Structure formats: structure tokens, C-alpha cells
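Shown below: entry_1.csv, with CSV, C-alpha atoms.
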```csv
chain,number,residue,atom,x,y,z
A,832,MET,CA,119.7,-40.8,-38.0
A,833,GLN,CA,120.8,-37.6,-39.9
A,834,GLU,CA,123.5,-35.5,-38.4
A,835,LYS,CA,123.1,-31.7,-38.0
A,836,PRO,CA,124.4,-29.8,-41.0
A,837,LYS,CA,127.7,-28.1,-40.2
A,838,ILE,CA,128.0,-24.7,-41.8
A,839,SER,CA,130.8,-22.3,-41.6
A,840,LYS,CA,132.3,-19.4,-43.6
A,841,ASN,CA,135.2,-21.5,-44.9
A,842,CYS,CA,133.2,-23.4,-47.4
A,843,THR,CA,134.2,-25.3,-50.6
A,844,GLU,CA,130.7,-25.5,-52.1
A,845,GLU,CA,129.7,-23.3,-55.0
A,846,LYS,CA,128.1,-19.9,-54.4
A,847,VAL,CA,124.4,-19.2,-54.7
A,848,ASP,CA,122.4,-16.0,-55.5
A,849,ALA,CA,123.0,-13.6,-52.6
A,850,THR,CA,119.8,-11.7,-53.4
A,851,GLN,CA,117.6,-14.8,-53.1
A,852,TYR,CA,119.4,-15.8,-49.9
A,853,LYS,CA,118.9,-12.4,-48.3
A,854,SER,CA,115.2,-12.4,-49.3
A,855,LEU,CA,114.7,-15.8,-47.6
A,856,ILE,CA,116.6,-14.6,-44.5
A,857,GLY,CA,114.3,-11.5,-44.4
A,858,GLY,CA,111.2,-13.6,-44.5
A,859,LEU,CA,112.5,-15.9,-41.8
A,860,ARG,CA,113.4,-12.9,-39.6
A,861,TYR,CA,109.8,-11.7,-40.0
A,862,LEU,CA,108.6,-15.2,-39.1
A,863,THR,CA,110.5,-15.2,-35.8
A,864,HIS,CA,108.0,-12.7,-34.4
A,865,THR,CA,105.4,-15.4,-34.3
A,866,ARG,CA,107.8,-18.4,-34.0
A,867,PRO,CA,110.4,-17.5,-31.4
A,868,ASP,CA,111.7,-21.2,-31.4
A,869,ILE,CA,113.5,-20.6,-34.6
A,870,THR,CA,115.2,-17.3,-33.6
A,871,PHE,CA,118.6,-18.9,-32.9
A,872,VAL,CA,118.8,-20.8,-36.2
A,873,VAL,CA,117.7,-17.8,-38.2
A,874,GLY,CA,120.4,-15.7,-36.5
A,875,HIS,CA,123.0,-18.4,-37.2
A,876,VAL,CA,122.2,-18.7,-40.9
A,877,SER,CA,122.0,-14.9,-41.3
A,878,ARG,CA,125.7,-14.7,-40.6
A,879,PHE,CA,126.5,-15.9,-44.1
A,880,MET,CA,124.5,-13.3,-46.0
A,881,GLU,CA,127.5,-11.6,-47.6
A,882,ASP,CA,128.9,-14.8,-49.2
A,883,PRO,CA,126.3,-17.6,-49.3
A,884,HIS,CA,127.1,-21.1,-50.5
A,885,LYS,CA,125.1,-24.2,-51.3
A,886,ASP,CA,125.4,-25.6,-47.9
A,887,HIS,CA,124.1,-22.4,-46.3
A,888,MET,CA,121.1,-22.5,-48.7
A,889,ALA,CA,120.6,-26.2,-47.7
A,890,ALA,CA,120.3,-25.2,-44.1
A,891,ILE,CA,117.6,-22.6,-45.0
A,892,LYS,CA,115.7,-25.2,-47.0
A,893,HIS,CA,115.9,-27.6,-44.1
A,894,LEU,CA,114.5,-24.9,-41.8
A,895,LEU,CA,111.7,-24.1,-44.2
A,896,SER,CA,110.7,-27.7,-44.5
A,897,TYR,CA,110.6,-27.9,-40.7
A,898,GLU,CA,108.3,-24.8,-40.6
A,899,LEU,CA,106.0,-26.0,-43.4
A,900,GLY,CA,105.8,-29.4,-41.9
A,901,LEU,CA,104.5,-27.9,-38.6
A,902,ALA,CA,102.3,-25.2,-40.2
A,903,TYR,CA,100.4,-27.4,-42.6
A,904,PRO,CA,99.0,-30.7,-41.5
A,905,ARG,CA,99.2,-33.7,-43.9
A,906,ARG,CA,96.2,-34.4,-46.1
A,907,LYS,CA,94.9,-37.7,-47.3
A,908,LYS,CA,93.1,-38.1,-50.6
A,909,THR,CA,90.3,-40.6,-50.8
A,910,SER,CA,89.6,-42.3,-54.0
A,911,GLU,CA,86.0,-43.4,-53.1
A,912,SER,CA,84.2,-40.2,-53.7
A,913,GLY,CA,86.9,-38.1,-55.2
A,914,SER,CA,86.9,-35.6,-52.3
A,915,LEU,CA,89.7,-34.6,-50.1
A,916,THR,CA,89.7,-35.7,-46.5
A,917,VAL,CA,91.8,-33.6,-44.1
A,918,THR,CA,93.1,-35.3,-41.0
A,919,TRP,CA,94.2,-32.6,-38.6
A,920,GLY,CA,95.3,-35.1,-35.9
A,921,GLU,CA,98.1,-36.8,-37.8
A,922,ILE,CA,101.4,-35.0,-38.0
```
Let's see the structure in the file written out as C-alpha cells.
Amino acid sequence: MQEKPKISKNCTEEKVDATQYKSLIGGLRYLTHTRPDITFVVGHVSRFMEDPHKDHMAAIKHLLSYELGLAYPRRKKTSESGSLTVTWGEI
């Protein structure tokens, strides 16, 4: 089982683009209006906007993969007829 990522301001990872980080945080803050379950996490990762590092960006990517995994159901491709069969019940 994977442990929760530990992020702090005292980081030894290399820095990332602050503009991209701020843009992602802004989008996530907008998303909290419809998804209040991620409000705490977005507030926590937004603390590092002034000096973001790779592990901070990894936490945002982890959150985005969580959101996309819930928002879009998995799709299965069938090779029989060449069409796409969408299964909404499998998550």
C-alpha cells in the first residue's frame, strides 16, 4: 500500500515553474465549488505557491489523477465490430 506523500516547505527536490503551479491551483480552487471533498487538500497544496518543488507538483498530479478517475468512467474497446463500448458501472 502506498503511503501518503509528505510535503513541506523544507524540501530538497528541484524547483518547478511557479506560473504553471499557480495555474493548476487556481483551477483546483474553482473545482472545489462543485467538489467540496477536495477543499482541504487544495488548501494544503496552495500553501506552497510561492516556492513550489517537484514533490508539491507530484501531490497536485496525484489529486488530478484522483479527480479524473472519478469524473470519467473507464471505457472498454471491443475488437469485434471496431466500435467503442462504454461501461458506466465499472469504476
Which polymer residues have any atom within 9 Å of an atom of Ala890 in chain A, counting all atoms listed in the file, with same-chain residues fewer than 4 positions away left out, as a PyMOL selection string?
-> chain A and resi 836-838+876+885-886+894-895
Contacts of Gly858 in chain A at 12 Å or less, counting only C-alpha atoms, minus same-chain residues fewer than 4 places along, as a PyMOL selection string?
-> chain A and resi 851-854+862-865+873+877+891+895
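The two atoms in question, CA of Pro867 in chain A and CA of Ser896 in chain A, are spaced 16.6 Å apart.
Proximity of A:Glu845, A:Phe871, A:Ser839, A:Asp882 to Leu859 in chain A, computed with all atoms listed in the file, is greatest for A:Phe871.
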Computed interatomic separation between CA of Tyr897 in chain A and CA of Thr843 in chain A (Å) = 25.7 Å
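Residue nearest His893 in chain A within the list A:Arg878, A:Val872, A:Asp848, A:Arg866: A:Val872 [criterion: smallest interatomic distance, all atoms listed in the file].
In this model, the gap between CA of Asp868 in chain A and CA of Asn841 in chain A comes to 27.1 Å.
Take the candidates A:His887, A:Tyr861, A:Val847, A:Glu898 and check each one against His875 in chain A using all atoms listed in the file; the shortest distance goes to A:His887.
Of the listed residues (A:Cys842, A:Lys892, A:Gly874, A:Pro883), A:Gly874 comes nearest to Gly857 in chain A; the distances count all atoms listed in the file.
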